[in-house]
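Here is the structure we will look at, set down as structure tokens.
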Amino acid sequence: MRGDISVFRPVEAYAEAGSSRTHGVVAVISFCVFVGTIVFGFVPVTREIETSGYSTADLQEATTRTDVNTILQAFEPVMDSVVLLSVLDYLFIVAGFFLFFSLHSLVMKRLWFADRLVLIPKAGMVLTVCSRLLDSLENLWVILIYSTPDSYPTALISLMNTTQSAKWLVVSVEYSTLGLAIVLVLLVRFTSLFDGKPSQNESDAGDRP
């Protein structure tokens, strides 16, 4: 599974560090945390924040200091919920990282025989790193803004807006790449489309280094 492109070596090492079963368990646990954070965290906390008349999405999309200050003033009665949402966001980021990395690792183990096809999950893992870093930075800019409402640099607003736009651009490609990788695995499993696939048991091949 080793490739010639150095940027892929860390993701290859992650995939090879565990068996298909291990990555499957990590994916299931991460998925539960990922979905649980949304259902039991984001949804109720966001509803509480929206009683102020604004949401954190409004803050992230605000482009002027006047707009940001107006939103921050409205947030004062629900600031505890705003802080909690920031904490939940980092939990969501970590869960999403392990979920996507483990899913792509499972795909890599199924496509180990196809040097070109296996580049898709590898690229997906790199995109996951980029999207989670951007999400973390966006969350950091928001925290720095609401934690110092009277003295935050105006440049943080531009950083927040730019990071958010870049994040959603990467996320759109990231999710598309994961979808393509899953489709390829299904084709390998249920069709004979790939003539180069070895005839050995698929589950045994999945743990091949």
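Ordering of the structure tokens sets the chain letters (A, B, ...); residue numbers start at 1 within each chain; ligands are numbered from 1 in the order shown.
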Output as number ranges by chain all residues of chain A that backbone DSSP marks as alpha helix (DSSP H).
A: 9-17, 20-36, 43-50, 56-61, 65-75, 79-110, 119-147, 155-190, 202-206
Would you mind exporting the chosen residues as a compact mmCIF listing (two decimals), in the first residue's frame, restricted to C-alpha atoms?
# COMPACT_ATOMS: atom_id res chain seq x y z
CA ARG A 9 2.81 8.39 3.71
CA PRO A 10 1.20 9.51 7.01
CA VAL A 11 -2.28 8.45 5.83
CA GLU A 12 -0.89 5.15 4.56
CA ALA A 13 0.70 4.60 7.96
CA TYR A 14 -2.64 5.24 9.68
CA ALA A 15 -4.42 2.76 7.41
CA GLU A 16 -1.76 0.12 7.95
CA ALA A 17 -1.63 0.62 11.72
CA SER A 20 -10.05 -3.86 8.96
CA ARG A 21 -11.83 -4.90 12.15
CA THR A 22 -10.03 -2.23 14.18
CA HIS A 23 -10.81 0.50 11.67
CA GLY A 24 -14.41 -0.72 11.57
CA VAL A 25 -14.74 -0.41 15.35
CA VAL A 26 -13.18 3.07 15.31
CA ALA A 27 -15.55 4.10 12.51
CA VAL A 28 -18.62 2.88 14.42
CA ILE A 29 -17.61 4.63 17.66
CA SER A 30 -16.69 7.82 15.80
CA PHE A 31 -19.98 7.73 13.90
CA CYS A 32 -21.94 7.46 17.15
CA VAL A 33 -20.05 10.42 18.63
CA PHE A 34 -20.36 12.35 15.35
CA VAL A 35 -24.13 11.90 15.10
CA GLY A 36 -24.67 12.14 18.86
CA VAL A 43 -29.47 20.94 17.92
CA PRO A 44 -30.57 21.84 21.49
CA VAL A 45 -27.68 24.25 22.13
CA THR A 46 -28.28 26.05 18.84
CA ARG A 47 -31.97 26.41 19.66
CA GLU A 48 -31.02 28.00 22.97
CA ILE A 49 -28.65 30.43 21.23
CA GLU A 50 -31.28 31.34 18.65
CA THR A 56 -23.45 31.44 15.57
CA ALA A 57 -23.82 31.08 11.80
CA ASP A 58 -24.92 34.72 11.71
CA LEU A 59 -21.77 35.64 13.64
CA GLN A 60 -19.54 33.66 11.28
CA GLU A 61 -21.12 35.34 8.26
CA ARG A 65 -17.43 45.13 13.24
CA THR A 66 -20.82 46.79 13.74
CA ASP A 67 -22.68 43.63 12.77
CA VAL A 68 -20.42 41.46 14.92
CA ASN A 69 -20.84 43.73 17.95
CA THR A 70 -24.62 43.72 17.54
CA ILE A 71 -24.67 39.92 17.52
CA LEU A 72 -22.30 39.70 20.50
CA GLN A 73 -24.53 42.00 22.53
CA ALA A 74 -27.52 39.81 21.72
CA PHE A 75 -25.51 36.75 22.75
CA MET A 79 -23.09 33.21 26.23
CA ASP A 80 -22.75 29.98 28.21
CA SER A 81 -24.47 28.17 25.33
CA VAL A 82 -22.20 29.87 22.80
CA VAL A 83 -19.14 28.66 24.71
CA LEU A 84 -20.61 25.16 24.99
CA LEU A 85 -21.22 25.10 21.23
CA SER A 86 -17.55 25.91 20.64
CA VAL A 87 -16.52 22.98 22.84
CA LEU A 88 -18.95 20.68 21.04
CA ASP A 89 -17.56 21.87 17.72
CA TYR A 90 -14.08 20.62 18.64
CA LEU A 91 -15.56 17.28 19.74
CA PHE A 92 -17.35 17.12 16.38
CA ILE A 93 -14.09 17.87 14.57
CA VAL A 94 -12.19 15.08 16.35
CA ALA A 95 -15.00 12.55 15.83
CA GLY A 96 -15.24 13.49 12.15
CA PHE A 97 -11.50 13.11 11.72
CA PHE A 98 -11.44 9.54 13.04
CA LEU A 99 -14.67 8.63 11.24
CA PHE A 100 -13.45 9.76 7.83
CA PHE A 101 -9.92 8.42 8.33
CA SER A 102 -11.20 4.99 9.34
CA LEU A 103 -13.69 4.82 6.48
CA HIS A 104 -10.99 5.75 3.99
CA SER A 105 -8.65 3.23 5.60
CA LEU A 106 -11.23 0.50 5.03
CA VAL A 107 -11.52 1.57 1.40
CA MET A 108 -7.74 1.52 0.98
CA LYS A 109 -7.62 -2.03 2.29
CA ARG A 110 -10.23 -3.09 -0.26
CA LEU A 119 -5.28 7.29 -4.59
CA ILE A 120 -8.91 8.34 -4.10
CA PRO A 121 -9.17 7.39 -0.39
CA LYS A 122 -5.64 8.68 0.17
CA ALA A 123 -6.64 12.06 -1.28
CA GLY A 124 -9.82 11.93 0.80
CA MET A 125 -7.78 11.57 3.99
CA VAL A 126 -5.63 14.56 3.06
CA LEU A 127 -8.80 16.57 2.40
CA THR A 128 -10.12 15.52 5.81
CA VAL A 129 -7.01 16.89 7.48
CA CYS A 130 -7.41 20.18 5.61
CA SER A 131 -11.12 20.54 6.36
CA ARG A 132 -10.69 19.76 10.09
CA LEU A 133 -7.82 22.22 10.37
CA LEU A 134 -9.89 24.93 8.70
CA ASP A 135 -12.87 24.13 10.94
CA SER A 136 -10.62 24.34 14.01
CA LEU A 137 -9.25 27.69 12.90
CA GLU A 138 -12.72 29.05 12.17
CA ASN A 139 -13.84 28.01 15.64
CA LEU A 140 -10.73 29.61 17.14
CA TRP A 141 -11.39 32.96 15.44
CA VAL A 142 -14.98 32.89 16.78
CA ILE A 143 -13.74 32.16 20.30
CA LEU A 144 -11.20 34.98 20.15
CA ILE A 145 -13.91 37.37 19.01
CA TYR A 146 -16.56 36.59 21.62
CA SER A 147 -14.02 36.18 24.45
CA ALA A 155 -8.73 41.42 11.19
CA LEU A 156 -10.28 38.44 13.00
CA ILE A 157 -13.55 39.10 11.16
CA SER A 158 -11.86 38.73 7.78
CA LEU A 159 -9.99 35.65 8.96
CA MET A 160 -13.25 34.12 10.18
CA ASN A 161 -15.04 34.83 6.88
CA THR A 162 -12.16 33.60 4.72
CA THR A 163 -11.61 30.45 6.76
CA GLN A 164 -15.31 29.62 6.66
CA SER A 165 -15.46 29.95 2.87
CA ALA A 166 -12.33 27.82 2.42
CA LYS A 167 -13.67 25.20 4.83
CA TRP A 168 -16.95 24.72 2.97
CA LEU A 169 -15.12 24.51 -0.35
CA VAL A 170 -12.84 21.75 0.96
CA VAL A 171 -15.72 19.98 2.73
CA SER A 172 -17.73 19.78 -0.49
CA VAL A 173 -14.84 18.05 -2.24
CA GLU A 174 -14.10 15.91 0.83
CA TYR A 175 -17.62 14.49 1.03
CA SER A 176 -17.70 13.88 -2.73
CA THR A 177 -14.40 12.00 -2.51
CA LEU A 178 -15.70 9.81 0.33
CA GLY A 179 -18.86 9.07 -1.67
CA LEU A 180 -16.79 8.05 -4.70
CA ALA A 181 -14.55 5.85 -2.55
CA ILE A 182 -17.57 4.04 -1.08
CA VAL A 183 -19.03 3.50 -4.57
CA LEU A 184 -15.73 1.97 -5.71
CA VAL A 185 -15.76 -0.45 -2.76
CA LEU A 186 -19.32 -1.50 -3.57
CA LEU A 187 -18.35 -2.08 -7.21
CA VAL A 188 -15.40 -4.20 -6.13
CA ARG A 189 -17.53 -6.22 -3.75
CA PHE A 190 -20.60 -6.81 -5.86
CA GLU A 202 -11.53 -10.19 0.28
CA SER A 203 -11.43 -9.94 4.05
CA ASP A 204 -7.97 -11.51 4.16
CA ALA A 205 -6.75 -9.20 1.42
CA GLY A 206 -8.12 -6.24 3.32
For atom CA of Tyr152 of chain A and atom CA of Phe42 of chain A, determine how far apart the two atoms are, in Å to one decimal place.
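Between atom CA of Tyr152 of chain A and atom CA of Phe42 of chain A the gap is 25.7 Å.
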